[in-house]
Structures are given as structure tokens and as C-alpha cells.
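Below: the structure, in C-alpha cells.
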Amino acid sequence: MGFGTLLIAHITFNIPYVILSVSPKLRQMDRNLVDAAMDLGCTWMQAFWKVIIPEIKPGIVSGAIMAFTMSLDDFVISYFVYGPSYVTLPVEIYNYTKKPLQPKIYALFTLLFAMILLLMILMNVLQARAEHRKTLQHAGRAASSNPFRRYL
């Protein structure tokens, strides 16, 4: 029991989440792109790395984020397969509930909360800016395509 068993358990638990994220991207991909790349001189491996991987990269990234989140949250699997040499954060937090908390644990919780809060604020600000930029572009196109603009 140690890092190896913990890694195998978390990989086994998280494979379905990654598959559910990547398989729709594979289904959306145009199969003719690989054939076109191979017709243009790519080997199968070059077509894989230069065509398939960039096409499914959003699914890979979302699957990795989902797997990381689920792995960080999954206490039960970690608790049953961890060893004394390697302890995960959820198991460590659980172990601290059995005894009085040290101030460093409060600092850890504060840092985790602050990091998540800042990340959520940053994502909301970036999304609002992108939507505002898109609205301005759309309004600019609509004004320039007005056929009566020269008469106004």
C-alpha cells in the first residue's frame, strides 16, 4: 500500500470521466481530416499528433480537470488504499478531525479557499470581457451593414 496502489485506484476511478469528455470530441471530428493529412504526406503518427490531438484537445483538458477534481474530492478510495508513506490531502484532513487542529491546517484551508475564490472571480471577469467584446463586434458589424447608413 502506497503511491502505486493509490495511483492505480484513482486512474481506475477516473477513466470513465475522461472517456465521457473525450469521446464526444472524437465523434465530432471529421474523419476526412486524417485522410487529408496522410494524403499530404503525413505518416499515421504525424497525423495523430498534428490533427487528431489538436481536434480533441478541449475534451482532453476538460477530462483532465474533471479527473483532477474528482480525484481530489474522492476520500473513500484514498482512505482504503493509502499507505503510511503517502497520504493524500482528503485523508490528511480526515486524520486531523480526530485530534485538535494545528494552525497550519487553518492556513491551508484559508489558502485553498482564497485560491478557489480568486480563480472563480478571474474566470467570471474573463467571460464577461469576452461577451462584452463579442457584443461590441456584433454591434459594429450590424451598424456597418446597414444599407441606409449613408442617408443618416
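We name chains A, B, ... following the order of the C-alpha cells; residues begin at 1 in each chain, and ligands are numbered from 1 as shown.
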
| task | Determine, counting only C-alpha atoms, which protein, DNA and RNA residues have an atom within 9 Å of an atom of Val51 in chain A; residues of the same chain fewer than 6 positions away are not included. Present the result as a ChimeraX atom specification. | result | /A:33-34,37

| request: Using DSSP on the backbone coordinates, identify all residues within chain A classified as helix (DSSP H, G or I); present the result as a PyMOL selection string. | output: chain A and resi 3-28+32-39+44-73+75-81+89-96+103-144+149-151

| task | Kindly give the distance, in Å, that separates CA of Arg27 in chain A and CA of Ser62 in chain A, rounded to a single decimal. | result |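 That distance, rounded to one decimal, is 16.0 Å.
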
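In this comparison, which uses only C-alpha atoms, the residue of A:Gly2, A:Asn14, A:Ser23, A:Ile8 approaching Asp73 in chain A most closely is A:Asn14.
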
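The gap separating CA of Arg31 in chain A from CA of Lys57 in chain A is 15.9 Å, in Å to one decimal.
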
| Any idea what's packed within 12 Å of Leu7 in chain A, counting only C-alpha atoms, ignoring anything in its chain fewer than 6 positions away? Could you give it as a PyMOL selection string? | chain A and resi 1+13-14+68+71+77-78+81-83+86-88

Residue selection dump (N, CA and C atoms) as a short mmCIF file (atom, residue, chain, number, x, y, z; two decimals), in the first residue's frame:
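As a result, selection22.cif now contains:
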```cif
data_model
loop_
_atom_site.label_atom_id
_atom_site.label_comp_id
_atom_site.auth_asym_id
_atom_site.auth_seq_id
_atom_site.Cartn_x
_atom_site.Cartn_y
_atom_site.Cartn_z
N MET A 1 0.83 -1.18 0.00
CA MET A 1 0.00 0.00 0.00
C MET A 1 0.88 1.24 0.00
N PHE A 13 -10.72 4.81 -11.17
CA PHE A 13 -11.94 5.52 -10.83
C PHE A 13 -12.24 6.64 -11.82
N ASN A 14 -11.21 7.29 -12.35
CA ASN A 14 -11.41 8.48 -13.18
C ASN A 14 -11.43 8.23 -14.68
N PHE A 68 -8.99 15.43 -12.14
CA PHE A 68 -8.28 16.01 -11.01
C PHE A 68 -9.24 16.40 -9.89
N SER A 71 -10.61 13.26 -8.29
CA SER A 71 -9.57 12.58 -7.53
C SER A 71 -9.28 13.31 -6.22
N ILE A 77 -11.87 6.20 -1.73
CA ILE A 77 -10.83 5.42 -2.41
C ILE A 77 -9.47 5.70 -1.78
N SER A 78 -9.19 6.96 -1.52
CA SER A 78 -7.89 7.32 -0.93
C SER A 78 -7.73 6.69 0.45
N VAL A 81 -6.86 2.82 0.19
CA VAL A 81 -5.66 2.34 -0.50
C VAL A 81 -4.40 3.11 -0.15
N TYR A 82 -4.46 4.11 0.73
CA TYR A 82 -3.24 4.85 1.05
C TYR A 82 -2.38 4.04 2.01
N GLY A 83 -1.09 4.32 1.97
CA GLY A 83 -0.15 3.68 2.87
C GLY A 83 0.44 4.70 3.82
N TYR A 86 2.58 7.56 2.08
CA TYR A 86 2.00 8.54 1.18
C TYR A 86 0.55 8.78 1.58
N VAL A 87 0.24 10.01 1.97
CA VAL A 87 -1.11 10.37 2.42
C VAL A 87 -1.62 11.51 1.55
N THR A 88 -2.86 11.39 1.09
CA THR A 88 -3.44 12.45 0.26
C THR A 88 -4.06 13.53 1.15
#
```

| Residues within 10 Å of range 93-102 of chain A, only C-alpha atoms, excluding chain neighbours under 6 positions, as a count of residues only | 4

| Non-local contacts of Ile60 in chain A (8 Å; only C-alpha atoms; under 3 positions in same chain excluded) as a PyMOL selection string | chain A and resi 18+21-22+56-57+63-64

What would the file look like if the residues just selected were written as a PDB file, in the first residue's frame with N, CA and C atoms?
```
ATOM      1  N   VAL A  18     -12.912  10.765 -18.045  1.00  0.00           N
ATOM      2  CA  VAL A  18     -12.096  11.194 -19.183  1.00  0.00           C
ATOM      3  C   VAL A  18     -12.702  10.677 -20.483  1.00  0.00           C
ATOM      4  N   SER A  21     -15.556  12.716 -21.584  1.00  0.00           N
ATOM      5  CA  SER A  21     -15.184  14.038 -22.079  1.00  0.00           C
ATOM      6  C   SER A  21     -14.553  13.987 -23.466  1.00  0.00           C
ATOM      7  N   VAL A  22     -13.794  12.935 -23.740  1.00  0.00           N
ATOM      8  CA  VAL A  22     -13.046  12.857 -24.998  1.00  0.00           C
ATOM      9  C   VAL A  22     -13.880  12.243 -26.124  1.00  0.00           C
ATOM     10  N   ILE A  56      -9.133  17.133 -30.509  1.00  0.00           N
ATOM     11  CA  ILE A  56      -9.780  16.644 -29.294  1.00  0.00           C
ATOM     12  C   ILE A  56      -9.192  17.264 -28.029  1.00  0.00           C
ATOM     13  N   LYS A  57      -8.301  18.249 -28.168  1.00  0.00           N
ATOM     14  CA  LYS A  57      -7.651  18.860 -27.008  1.00  0.00           C
ATOM     15  C   LYS A  57      -8.649  19.441 -26.000  1.00  0.00           C
ATOM     16  N   GLY A  63     -11.511  16.671 -19.517  1.00  0.00           N
ATOM     17  CA  GLY A  63     -11.421  15.383 -18.830  1.00  0.00           C
ATOM     18  C   GLY A  63     -10.355  15.385 -17.751  1.00  0.00           C
ATOM     19  N   ALA A  64      -9.225  16.038 -18.037  1.00  0.00           N
ATOM     20  CA  ALA A  64      -8.158  16.106 -17.034  1.00  0.00           C
ATOM     21  C   ALA A  64      -8.583  16.940 -15.833  1.00  0.00           C
TER      22      ALA A  64
END
```
